[in-house]
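Q: Let me begin by handing over the structure; questions about it come next.
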Amino acid sequence: MSDAASHRSEGPPARPTDPNTWLVGISHGDLFAMPVLYRVLIVNSVVLVVGALLGTALTTELRGHNGSAVFVSFVIAGILLSLVANFVLLKMAFDPIRRVRDTMRRVEAGDMTLRAPISGYDPDADELAATFNHMLGKLNDSARSRAAQIMRAQEEERKRIARELHDETSQALTSLLVTLKLVEDSTTDPEAHIRVAESREVAHQTLRAIRNLSIDLRPSALDDLGLVPALRGYIRDYQQKYGLDVHFTVQGFRERASFEVETALYRIVQEALTNIARHAHAKRVTVDLREADGEAQLLVRDDGQGFDLAAPPKAPGSDGGLGLVGIRERVSLLSGQLDVTSSPSEGTSLHLTLPFHSDDQRGTDATTNTLA
């Protein structure tokens, strides 16, 4: 992450092929500071000059009958020496390019955190690596920006649908329940009374389902009261629904966090607890939320059956939720860190850290609380 951040803050990479750049390196004794083209030219020029001088000397000194054979041997040795020198030089020169190529292949495979190494031996290869790293930084920034916009738009749409369900659909069902109650009280036919009572029960179940759906989409408490009250309410309902013992503790959070941080933490807790209820077969869950030194820390730990971290991860949405991949994406978007430890029969621990961006316009007081 630090590499990406550094490339975001920098402008386009400087051109190390500028003669002033590598001439300064040569003046400090670094002969490898010049581009490979000049190195090849210098090495070949040295070989040719030395060969010409030695060849002239040999031609002058060797005038016997075997002078031609010695001269031919000298020419062959010079050619071989030139080939060996060029091979060694070019192999050294192209090694940084090979490493850039390997980095490109790994990035193509999906590891966008890699950066091409800067060798310092070849300005041309270093310029290629620096340009590639700068491009990766720009692509990462663009991808983060698009993903953040998509998530924010998704949350806004969830909020709109949740409010419509609460304000319109729920009120319509409530009016229907009142009307059915009046009909039930006014009817004298036993069979009609039973049918109306059954209709009222169906309407009650539908109203409860609509309210639960509204809360799952976007709880109003998250926007109106903040992260801590919203999580407290969600965990209370979660305990009633699944019968699990959830120990919830909060430290810090005396002021509201930003929309993105609160949404990410709420969704991660929601997804983690949902996965525990579906797959972990746990009896006790710990949710610890802390805010200190400009960071928000979250720990979710269960005593369930755990899983194999080496197993291929499920795609987001494959089990009806975000999954671990989706949680990692949310944490990555906010430049956070995520650490997951788990093994079969040993439970699972999810620990993450996010930069705490406060929202002064929505301040609220959230002191240390405990909900067992």
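Scheme for the structure tokens: letters A, B, ... for chains in order shown; per-chain residue numbers from 1; ligand numbers from 1 in order shown.
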Write out as a Markdown table a residue-level contact list of range 112-132 of chain A versus range 92-106 of chain A with cut-off 9 Å: for each qualifying residue the closest pair of atoms and the distance in Å to one decimal, counting only C-alpha atoms, rows sorted by chain and residue number upward.

A:
```
| residue | atom | partner | partner_atom | distance |
| --- | --- | --- | --- | --- |
| A:Met112 | CA | A:Arg106 | CA | 8.2 |
| A:Leu114 | CA | A:Thr103 | CA | 6.9 |
| A:Arg115 | CA | A:Thr103 | CA | 6.9 |
| A:Ala116 | CA | A:Val100 | CA | 5.3 |
| A:Pro117 | CA | A:Val100 | CA | 7.0 |
| A:Ile118 | CA | A:Pro96 | CA | 7.8 |
| A:Ser119 | CA | A:Pro96 | CA | 6.4 |
| A:Tyr121 | CA | A:Ala93 | CA | 7.6 |
| A:Asp122 | CA | A:Ala93 | CA | 6.5 |
| A:Ala125 | CA | A:Ile97 | CA | 5.7 |
| A:Asp126 | CA | A:Pro96 | CA | 7.8 |
| A:Leu128 | CA | A:Val100 | CA | 8.1 |
| A:Ala129 | CA | A:Val100 | CA | 6.2 |
| A:Phe132 | CA | A:Val100 | CA | 8.5 |
```

Q: So that I can see what lies close to Asn212 in chain A, please list as a VMD selection string the residues with an atom at most 10 Å from it, counting only C-alpha atoms and leaving out residues fewer than 6 positions away in the same chain.

A: chain A and resid 162 166 206 219 237

Q: Using the chain letters and numbers from this document, which residues of range 73-297 of chain A does DSSP assign to alpha helix (DSSP H), as a ChimeraX atom specification?

A: /A:73-108,123-164,170-186,190-217,220-224,227-242,259-275

Q: For range 339-348 of chain A, find every residue with an atom within 7 Å (counting only C-alpha atoms), except residues of its own chain fewer than 3 positions away, and show them as a list in words.

A: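 Counting only the stated atoms, we get Arg301, Asp302, Asp303, Gly304, Gln305, Gly306, Phe307, Asp308, Leu309, His351 and Leu352 of chain A.
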
Q: Keeping only N, CA, C and O atoms, take the residues you just selected and write them out as a PDB file, in the first residue's frame.

A:
```pdb
ATOM      1  N   ARG A 301     -14.325 -12.462  16.600  1.00  0.00           N
ATOM      2  CA  ARG A 301     -13.760 -13.781  16.893  1.00  0.00           C
ATOM      3  C   ARG A 301     -14.870 -14.723  17.337  1.00  0.00           C
ATOM      4  O   ARG A 301     -15.766 -14.342  18.083  1.00  0.00           O
ATOM      5  N   ASP A 302     -14.816 -15.966  16.847  1.00  0.00           N
ATOM      6  CA  ASP A 302     -15.796 -16.973  17.241  1.00  0.00           C
ATOM      7  C   ASP A 302     -15.089 -18.246  17.660  1.00  0.00           C
ATOM      8  O   ASP A 302     -13.901 -18.439  17.384  1.00  0.00           O
ATOM      9  N   ASP A 303     -15.824 -19.115  18.337  1.00  0.00           N
ATOM     10  CA  ASP A 303     -15.272 -20.405  18.785  1.00  0.00           C
ATOM     11  C   ASP A 303     -15.815 -21.558  17.950  1.00  0.00           C
ATOM     12  O   ASP A 303     -15.966 -22.672  18.443  1.00  0.00           O
ATOM     13  N   GLY A 304     -16.089 -21.276  16.676  1.00  0.00           N
ATOM     14  CA  GLY A 304     -16.693 -22.276  15.803  1.00  0.00           C
ATOM     15  C   GLY A 304     -15.694 -23.246  15.210  1.00  0.00           C
ATOM     16  O   GLY A 304     -14.563 -23.406  15.690  1.00  0.00           O
ATOM     17  N   GLN A 305     -16.105 -23.857  14.097  1.00  0.00           N
ATOM     18  CA  GLN A 305     -15.306 -24.929  13.500  1.00  0.00           C
ATOM     19  C   GLN A 305     -14.165 -24.415  12.638  1.00  0.00           C
ATOM     20  O   GLN A 305     -13.269 -25.171  12.261  1.00  0.00           O
ATOM     21  N   GLY A 306     -14.141 -23.118  12.316  1.00  0.00           N
ATOM     22  CA  GLY A 306     -13.050 -22.568  11.516  1.00  0.00           C
ATOM     23  C   GLY A 306     -13.072 -23.073  10.086  1.00  0.00           C
ATOM     24  O   GLY A 306     -13.991 -23.784   9.650  1.00  0.00           O
ATOM     25  N   PHE A 307     -12.042 -22.718   9.341  1.00  0.00           N
ATOM     26  CA  PHE A 307     -11.941 -23.163   7.958  1.00  0.00           C
ATOM     27  C   PHE A 307     -10.483 -23.100   7.532  1.00  0.00           C
ATOM     28  O   PHE A 307      -9.620 -22.555   8.240  1.00  0.00           O
ATOM     29  N   ASP A 308     -10.209 -23.641   6.377  1.00  0.00           N
ATOM     30  CA  ASP A 308      -8.845 -23.704   5.848  1.00  0.00           C
ATOM     31  C   ASP A 308      -8.564 -22.444   5.040  1.00  0.00           C
ATOM     32  O   ASP A 308      -9.172 -22.221   3.992  1.00  0.00           O
ATOM     33  N   LEU A 309      -7.648 -21.620   5.523  1.00  0.00           N
ATOM     34  CA  LEU A 309      -7.323 -20.380   4.813  1.00  0.00           C
ATOM     35  C   LEU A 309      -6.666 -20.642   3.467  1.00  0.00           C
ATOM     36  O   LEU A 309      -6.701 -19.789   2.575  1.00  0.00           O
ATOM     37  N   HIS A 351      -9.382  -9.530  12.206  1.00  0.00           N
ATOM     38  CA  HIS A 351      -8.920  -8.275  12.798  1.00  0.00           C
ATOM     39  C   HIS A 351      -8.577  -7.302  11.676  1.00  0.00           C
ATOM     40  O   HIS A 351      -7.832  -7.635  10.764  1.00  0.00           O
ATOM     41  N   LEU A 352      -9.137  -6.110  11.759  1.00  0.00           N
ATOM     42  CA  LEU A 352      -8.873  -5.123  10.726  1.00  0.00           C
ATOM     43  C   LEU A 352      -8.634  -3.750  11.347  1.00  0.00           C
ATOM     44  O   LEU A 352      -9.106  -3.451  12.455  1.00  0.00           O
TER      45      LEU A 352
END
```

Q: Can you pull out every residue within 8 Å of range 291-299 of chain A, counting only C-alpha atoms, but drop anything in the same chain fewer than 6 positions away, and send it as a tab-separated table (two decimals) with all heavy atoms, in the first residue's frame?

A:
```tsv
chain	number	residue	atom	x	y	z
A	251	GLN	N	-14.76	0.96	22.53
A	251	GLN	CA	-13.90	1.93	23.20
A	251	GLN	C	-13.61	3.07	22.23
A	251	GLN	O	-13.24	2.83	21.08
A	251	GLN	CB	-12.59	1.28	23.66
A	251	GLN	CG	-12.78	0.24	24.76
A	251	GLN	CD	-11.45	-0.29	25.26
A	251	GLN	OE1	-10.40	0.27	24.98
A	251	GLN	NE2	-11.50	-1.38	26.00
A	252	GLY	N	-13.76	4.28	22.71
A	252	GLY	CA	-13.57	5.44	21.84
A	252	GLY	C	-14.84	5.79	21.11
A	252	GLY	O	-15.94	5.72	21.66
A	253	PHE	N	-14.69	6.23	19.87
A	253	PHE	CA	-15.82	6.64	19.02
A	253	PHE	C	-16.67	7.71	19.71
A	253	PHE	O	-17.89	7.62	19.76
A	253	PHE	CB	-16.68	5.42	18.64
A	253	PHE	CG	-16.05	4.54	17.60
A	253	PHE	CD1	-15.22	3.50	17.99
A	253	PHE	CD2	-16.25	4.76	16.26
A	253	PHE	CE1	-14.60	2.69	17.06
A	253	PHE	CE2	-15.64	3.95	15.31
A	253	PHE	CZ	-14.81	2.91	15.70
A	265	LEU	N	-17.49	-0.52	8.33
A	265	LEU	CA	-17.46	-1.27	9.58
A	265	LEU	C	-18.79	-1.98	9.84
A	265	LEU	O	-18.82	-3.14	10.28
A	265	LEU	CB	-17.12	-0.33	10.74
A	265	LEU	CG	-15.67	0.19	10.77
A	265	LEU	CD1	-15.50	1.24	11.85
A	265	LEU	CD2	-14.70	-0.97	11.00
A	349	SER	N	-10.71	-15.75	13.63
A	349	SER	CA	-10.50	-14.40	14.16
A	349	SER	C	-10.26	-13.46	12.98
A	349	SER	O	-9.41	-13.72	12.13
A	349	SER	CB	-9.30	-14.38	15.12
A	349	SER	OG	-9.05	-13.06	15.57
A	350	LEU	N	-11.02	-12.39	12.94
A	350	LEU	CA	-10.90	-11.38	11.89
A	350	LEU	C	-10.55	-10.05	12.55
A	350	LEU	O	-11.31	-9.54	13.39
A	350	LEU	CB	-12.21	-11.27	11.11
A	350	LEU	CG	-12.29	-10.30	9.92
A	350	LEU	CD1	-13.27	-10.84	8.88
A	350	LEU	CD2	-12.76	-8.91	10.36
A	351	HIS	N	-9.38	-9.53	12.21
A	351	HIS	CA	-8.92	-8.27	12.80
A	351	HIS	C	-8.58	-7.30	11.68
A	351	HIS	O	-7.83	-7.64	10.76
A	351	HIS	CB	-7.69	-8.51	13.68
A	351	HIS	CG	-7.20	-7.27	14.35
A	351	HIS	ND1	-6.22	-6.46	13.82
A	351	HIS	CD2	-7.57	-6.68	15.52
A	351	HIS	CE1	-6.00	-5.43	14.62
A	351	HIS	NE2	-6.80	-5.53	15.66
A	352	LEU	N	-9.14	-6.11	11.76
A	352	LEU	CA	-8.87	-5.12	10.73
A	352	LEU	C	-8.63	-3.75	11.35
A	352	LEU	O	-9.11	-3.45	12.45
A	352	LEU	CB	-10.01	-5.06	9.71
A	352	LEU	CG	-11.39	-4.60	10.18
A	352	LEU	CD1	-11.55	-3.09	10.02
A	352	LEU	CD2	-12.48	-5.33	9.40
A	353	THR	N	-7.91	-2.93	10.61
A	353	THR	CA	-7.61	-1.57	11.02
A	353	THR	C	-7.90	-0.63	9.86
A	353	THR	O	-7.47	-0.88	8.73
A	353	THR	CB	-6.13	-1.43	11.43
A	353	THR	OG1	-5.85	-2.34	12.49
A	353	THR	CG2	-5.84	-0.02	11.89
A	354	LEU	N	-8.65	0.44	10.15
A	354	LEU	CA	-8.98	1.44	9.14
A	354	LEU	C	-8.56	2.82	9.64
A	354	LEU	O	-8.64	3.09	10.84
A	354	LEU	CB	-10.49	1.45	8.85
A	354	LEU	CG	-11.11	0.20	8.24
A	354	LEU	CD1	-12.61	0.41	8.09
A	354	LEU	CD2	-10.50	-0.12	6.90
A	355	PRO	N	-8.13	3.69	8.73
A	355	PRO	CA	-7.91	5.07	9.14
A	355	PRO	C	-9.23	5.69	9.59
A	355	PRO	O	-10.25	5.55	8.92
A	355	PRO	CB	-7.37	5.75	7.87
A	355	PRO	CG	-6.89	4.63	7.01
A	355	PRO	CD	-7.76	3.46	7.32
A	356	PHE	N	-9.20	6.36	10.74
A	356	PHE	CA	-10.43	6.95	11.29
A	356	PHE	C	-10.58	8.36	10.75
A	356	PHE	O	-9.86	9.27	11.14
A	356	PHE	CB	-10.39	6.97	12.82
A	356	PHE	CG	-11.67	7.47	13.44
A	356	PHE	CD1	-12.73	6.62	13.66
A	356	PHE	CD2	-11.79	8.81	13.80
A	356	PHE	CE1	-13.90	7.08	14.23
A	356	PHE	CE2	-12.96	9.28	14.37
A	356	PHE	CZ	-14.03	8.41	14.58
A	357	HIS	N	-11.53	8.52	9.82
A	357	HIS	CA	-11.84	9.85	9.28
A	357	HIS	C	-13.11	10.33	9.96
A	357	HIS	O	-14.19	9.77	9.76
A	357	HIS	CB	-12.05	9.79	7.77
A	357	HIS	CG	-10.87	9.24	7.03
A	357	HIS	ND1	-9.65	9.88	7.00
A	357	HIS	CD2	-10.71	8.09	6.30
A	357	HIS	CE1	-8.81	9.17	6.28
A	357	HIS	NE2	-9.42	8.09	5.85
```

Q: If you run DSSP on this backbone, which residues of range 64-255 of chain A come out as strand (DSSP E), and could you give them as a PDB file with C-alpha atoms, in the first residue's frame?

A:
```pdb
ATOM      1  CA  ASP A 245     -24.000 -15.291  22.714  1.00  0.00           C
ATOM      2  CA  VAL A 246     -22.380 -12.136  21.303  1.00  0.00           C
ATOM      3  CA  HIS A 247     -20.090 -10.059  23.526  1.00  0.00           C
ATOM      4  CA  PHE A 248     -19.930  -6.533  22.071  1.00  0.00           C
ATOM      5  CA  THR A 249     -17.486  -3.919  23.421  1.00  0.00           C
ATOM      6  CA  VAL A 250     -16.734  -0.408  22.232  1.00  0.00           C
ATOM      7  CA  GLN A 251     -13.902   1.932  23.195  1.00  0.00           C
TER       8      GLN A 251
END
```

Q: Restricting the calculation to only C-alpha atoms, which member of A:Thr131, A:Ser220, A:Leu225, A:Val285 is positioned closest to Leu244 in chain A?

A: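 Among the listed residues, A:Val285 lies closest to Leu244 in chain A.
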
Q: To one decimal in Å, tell me the separation between CA of Thr286 in chain A and CA of Arg267 in chain A.

A: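 Interatomic distance here is 16.3 Å.
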
Q: Give me, as a PyMOL selection string, all polymer residues having an atom no more than 9 Å from range 84-87 of chain A, counting only C-alpha atoms and skipping those fewer than 2 positions away in the same chain.

A: chain A and resi 40+43-44+47+79-82+89-92

Q: May I have the residues within 12 Å of Gly243 in chain A as a ChimeraX atom specification, using only C-alpha atoms and disregarding those fewer than 3 positions away in the same chain?

A: /A:235-240,246,277,281-285
